[in-house]
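Encoded as structure tokens, the structure appears first; notes follow it.
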Amino acid sequence: MTYSNTDESWEVETTVSDEQVAFYKENGYLKFGRIFTKAELDELRDYVDEMIAALPNDKRPEQMDVPHFEHPFLFKYLAHPHVLDVIERFIGPDIALWSSHFISKRTRDGLAVPWHQDGVYWGKILEPMHVITMWLAVDESTVENSCMRVIGGSHRLRDLYYENVKDTAKNLFNREVIAEDIDESQSADLELKVGECHFHEAFTLHSSSPNTSQKRRCGYTMRYMPTSCRFNGVTWKRKHHIYLLRGEDRTEGFNTYTPVPKF
Ligand SMILES: O=C(O)CCC(=O)C(=O)O
């Protein structure tokens, strides 16, 4: 798909102010600008469009988890020095790639993402559980086409109650925080223009609605951890890989890193 951008004011932002870092630490999330150039973003969108077109019939475009295992091209974005410069401001100079996931909600029947904390889904696989997710807007992401929403400050909450989601066919995940533990009046909609991103912490409560609009909503979640986190299993769901992207290992050799592929 060729995307025609009418936004003339595409500016790349690679510095993070102390105020932005403080906001992230206080609230567990941060809206940010564009880290990639328009040409880079267009190339990524073309690439993911082809990936989506090639999906088997039984796989939905919200389910493109760990695509970088099979698509080394994505390391152009995941290991981009500008991204790492920004991530470094939040987690320090020793950075590993934890994971990535395209969540593309097609028009009119995009799945909901129930209220959850990533760190609860991931359990004890990382110790400590310290992950920052950069959510990159491959498409514009608004309330209309079901942008992500967060509850500020919820990254301090532990031991919330989870239950099975009622309608698994309409949700991307099958566990959600019970309604009594969610105060939706405190949630913030994280609307983004194409190419902008936001960040959230591993325990920040977040969700998104089903996409009933006429506009696709594709986001790329790029997830990083400081190399002081111990990765406790090479077998988890399926074989999982982590990659040392900057700095050095801080687990005294406990972690095994897969070499970054050529891209
Ligand atoms: O894309 C969404 O709506 C939700 C993303 C999400 O759950 C995540 O980044 O952990």
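Ligands are numbered from 1 in the order shown, chains are lettered A, B, ... in the order of the structure tokens, and residues start at 1 in each chain.
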Query - Test item: residues lying within 9 Å of ligand 1 with only C-alpha atoms and all ligand atoms, as JSON, numbers by chain - result: {"A": [62, 100, 101, 102, 103, 104, 105, 111, 112, 113, 114, 115, 116, 117, 118, 133, 134, 135, 146, 147, 148, 149, 172, 173, 199, 200, 202, 206, 207, 208, 209, 210, 217, 218, 219, 220, 221, 222, 223]}
Report task. Determine, counting only C-alpha atoms, which protein, DNA and RNA residues have an atom within 7 Å of an atom of Ile95 (chain A); residues of the same chain fewer than 5 positions away are not included. Present the result as a ChimeraX atom specification. Result -> /A:224-227,244-247
Would you mind listing what lies within 9 Å of His82 (chain A) as an mmCIF file with C-alpha atoms, in the first residue's frame, with only C-alpha atoms counted and same-chain residues fewer than 6 positions away left out?
```cif
data_model
loop_
_atom_site.group_PDB
_atom_site.id
_atom_site.type_symbol
_atom_site.label_atom_id
_atom_site.label_comp_id
_atom_site.auth_asym_id
_atom_site.auth_seq_id
_atom_site.Cartn_x
_atom_site.Cartn_y
_atom_site.Cartn_z
ATOM 1 C CA GLU A 13 12.750 13.901 17.483
ATOM 2 C CA THR A 14 15.597 12.023 19.141
ATOM 3 C CA THR A 15 16.211 13.877 22.359
ATOM 4 C CA ILE A 35 11.856 9.012 15.683
ATOM 5 C CA PHE A 36 11.920 7.737 12.089
#
```
Query - Counting only C-alpha atoms, the option among A:Asn57, A:Ser99, A:Ser187, A:Asn164 closest to Phe75 (chain A) - result: A:Ser99
Query raised in the report: Within 12 Å of Leu205 (chain A), counting only C-alpha atoms, which residues qualify if same-chain residues fewer than 6 places away don't, as JSON, numbers by chain?
Result: {"A": [27, 28, 29, 113, 114, 115, 116, 117, 118, 119, 120, 121, 148, 149, 150, 151, 152, 153, 154, 155, 156, 157, 158, 160, 176, 177, 178, 181, 182, 183, 184, 186, 187, 188]}
Restrict the selected residues to N, CA and C atoms and save them as an mmCIF file, in the first residue's frame.
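Written output follows (out_7.cif):
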```cif
data_model
loop_
_atom_site.group_PDB
_atom_site.id
_atom_site.type_symbol
_atom_site.label_atom_id
_atom_site.label_comp_id
_atom_site.auth_asym_id
_atom_site.auth_seq_id
_atom_site.Cartn_x
_atom_site.Cartn_y
_atom_site.Cartn_z
ATOM 1 N N ASN A 27 4.196 8.430 35.659
ATOM 2 C CA ASN A 27 2.907 7.977 35.127
ATOM 3 C C ASN A 27 2.932 6.606 34.452
ATOM 4 N N GLY A 28 4.122 6.122 34.141
ATOM 5 C CA GLY A 28 4.222 4.805 33.510
ATOM 6 C C GLY A 28 3.961 4.824 32.014
ATOM 7 N N TYR A 29 3.870 6.003 31.436
ATOM 8 C CA TYR A 29 3.712 6.104 29.984
ATOM 9 C C TYR A 29 4.171 7.477 29.532
ATOM 10 N N VAL A 113 -8.349 -5.066 22.646
ATOM 11 C CA VAL A 113 -7.279 -5.517 23.550
ATOM 12 C C VAL A 113 -7.796 -5.250 24.961
ATOM 13 N N PRO A 114 -8.004 -6.315 25.763
ATOM 14 C CA PRO A 114 -8.585 -6.112 27.093
ATOM 15 C C PRO A 114 -7.588 -5.438 28.049
ATOM 16 N N TRP A 115 -8.119 -4.851 29.123
ATOM 17 C CA TRP A 115 -7.249 -4.205 30.120
ATOM 18 C C TRP A 115 -6.277 -5.235 30.688
ATOM 19 N N HIS A 116 -5.003 -4.888 30.639
ATOM 20 C CA HIS A 116 -3.991 -5.821 31.146
ATOM 21 C C HIS A 116 -2.698 -5.079 31.442
ATOM 22 N N GLN A 117 -1.809 -5.801 32.122
ATOM 23 C CA GLN A 117 -0.431 -5.342 32.349
ATOM 24 C C GLN A 117 0.471 -6.384 31.682
ATOM 25 N N ASP A 118 1.322 -5.936 30.797
ATOM 26 C CA ASP A 118 2.175 -6.879 30.064
ATOM 27 C C ASP A 118 2.960 -7.770 31.024
ATOM 28 N N GLY A 119 3.454 -7.152 32.085
ATOM 29 C CA GLY A 119 4.320 -7.879 33.023
ATOM 30 C C GLY A 119 3.613 -9.063 33.663
ATOM 31 N N VAL A 120 2.276 -8.974 33.799
ATOM 32 C CA VAL A 120 1.529 -10.099 34.371
ATOM 33 C C VAL A 120 1.453 -11.231 33.346
ATOM 34 N N TYR A 121 1.214 -10.892 32.093
ATOM 35 C CA TYR A 121 1.210 -11.931 31.046
ATOM 36 C C TYR A 121 2.575 -12.620 30.961
ATOM 37 N N MET A 148 -4.589 3.047 21.551
ATOM 38 C CA MET A 148 -4.346 2.473 22.870
ATOM 39 C C MET A 148 -4.699 3.501 23.945
ATOM 40 N N ARG A 149 -5.166 3.028 25.088
ATOM 41 C CA ARG A 149 -5.398 3.909 26.242
ATOM 42 C C ARG A 149 -4.713 3.317 27.465
ATOM 43 N N VAL A 150 -4.392 4.211 28.385
ATOM 44 C CA VAL A 150 -3.623 3.790 29.562
ATOM 45 C C VAL A 150 -4.246 4.407 30.816
ATOM 46 N N ILE A 151 -3.892 3.828 31.955
ATOM 47 C CA ILE A 151 -4.246 4.463 33.231
ATOM 48 C C ILE A 151 -2.940 4.909 33.884
ATOM 49 N N GLY A 152 -2.764 6.214 33.929
ATOM 50 C CA GLY A 152 -1.536 6.788 34.471
ATOM 51 C C GLY A 152 -1.332 6.395 35.921
ATOM 52 N N GLY A 153 -0.108 6.052 36.270
ATOM 53 C CA GLY A 153 0.219 5.708 37.658
ATOM 54 C C GLY A 153 -0.017 4.240 37.980
ATOM 55 N N SER A 154 -0.714 3.513 37.074
ATOM 56 C CA SER A 154 -1.064 2.110 37.367
ATOM 57 C C SER A 154 0.153 1.182 37.329
ATOM 58 N N HIS A 155 1.285 1.684 36.842
ATOM 59 C CA HIS A 155 2.483 0.825 36.793
ATOM 60 C C HIS A 155 2.975 0.458 38.185
ATOM 61 N N ARG A 156 2.426 1.141 39.214
ATOM 62 C CA ARG A 156 2.821 0.778 40.590
ATOM 63 C C ARG A 156 1.944 -0.337 41.148
ATOM 64 N N LEU A 157 0.872 -0.674 40.443
ATOM 65 C CA LEU A 157 -0.079 -1.662 40.967
ATOM 66 C C LEU A 157 0.395 -3.081 40.694
ATOM 67 N N ARG A 158 0.262 -3.906 41.718
ATOM 68 C CA ARG A 158 0.565 -5.340 41.581
ATOM 69 C C ARG A 158 -0.637 -6.094 42.117
ATOM 70 N N LEU A 160 -3.368 -7.300 40.871
ATOM 71 C CA LEU A 160 -4.749 -7.072 40.439
ATOM 72 C C LEU A 160 -5.365 -8.428 40.081
ATOM 73 N N GLU A 176 -8.158 -10.784 31.329
ATOM 74 C CA GLU A 176 -8.281 -9.333 31.535
ATOM 75 C C GLU A 176 -8.437 -9.025 33.017
ATOM 76 N N VAL A 177 -8.072 -7.800 33.371
ATOM 77 C CA VAL A 177 -8.246 -7.353 34.756
ATOM 78 C C VAL A 177 -9.745 -7.216 35.023
ATOM 79 N N ILE A 178 -10.194 -7.644 36.193
ATOM 80 C CA ILE A 178 -11.633 -7.565 36.490
ATOM 81 C C ILE A 178 -12.098 -6.104 36.472
ATOM 82 N N ASP A 181 -11.514 -3.439 39.184
ATOM 83 C CA ASP A 181 -10.167 -2.883 39.393
ATOM 84 C C ASP A 181 -9.809 -1.805 38.372
ATOM 85 N N ILE A 182 -10.736 -1.476 37.483
ATOM 86 C CA ILE A 182 -10.449 -0.493 36.435
ATOM 87 C C ILE A 182 -11.344 0.728 36.630
ATOM 88 N N ASP A 183 -10.710 1.886 36.714
ATOM 89 C CA ASP A 183 -11.478 3.127 36.762
ATOM 90 C C ASP A 183 -11.265 3.842 35.423
ATOM 91 N N GLU A 184 -12.170 3.570 34.482
ATOM 92 C CA GLU A 184 -11.988 4.089 33.109
ATOM 93 C C GLU A 184 -11.966 5.600 33.062
ATOM 94 N N GLN A 186 -10.225 7.406 34.688
ATOM 95 C CA GLN A 186 -8.828 7.837 34.854
ATOM 96 C C GLN A 186 -7.977 7.523 33.627
ATOM 97 N N SER A 187 -8.584 6.986 32.576
ATOM 98 C CA SER A 187 -7.758 6.547 31.438
ATOM 99 C C SER A 187 -7.493 7.692 30.468
ATOM 100 N N ALA A 188 -6.359 7.579 29.765
ATOM 101 C CA ALA A 188 -5.979 8.593 28.770
ATOM 102 C C ALA A 188 -5.878 7.904 27.405
#
```
Requested in this report: Determine which residues of region 16-260 of chain A receive a DSSP assignment of helix (DSSP H, G or I), computed from the backbone, and state them as a count of residues only.
Outcome: 70
Requested in this report: Point out the residue among A:Asp109, A:Asp65, A:Glu196, A:Glu252 with the least atom-to-atom distance to Lys38 (chain A), counting only C-alpha atoms.
Outcome: A:Glu196
Query - Contacts of Leu30 (chain A) at 9 Å (only C-alpha atoms; same-chain gap of 6+ positions) as a PyMOL selection string - result: chain A and resi 20-21+23-24+190+197-200
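Separating CA of Thr258 (chain A) from CA of Trp122 (chain A) is a distance of 19.6 Å.
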Report task. Please measure the separation of CA of Pro72 (chain A) and CA of Pro261 (chain A), giving the value in Å to one decimal. Result -> 5.9 Å
Report task. Using only C-alpha atoms, find the one residue out of A:Arg106, A:Thr37, A:Leu97, A:Asn211 that sits nearest to Ile52 (chain A). Result -> A:Arg106
Report task. Measure the distance from CA of Gln63 (chain A) to CA of Tyr77 (chain A) in Å and round it to one decimal. Result ->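 It comes out at 19.3 Å.
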Query - Selected residue, from A:Ala179, A:Glu70, A:Lys215, A:Ile87, that lies nearest to Ser141 (chain A) when counting only C-alpha atoms - result: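 The closest residue to Ser141 (chain A) is A:Lys215.
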Query raised in the report: Which of region 6-163 of chain A counts as strand (DSSP E) under DSSP, as a PyMOL selection string please?
Result: chain A and resi 29-34+64-65+95-105+113-116+126-127+132-137+149-151+162-163
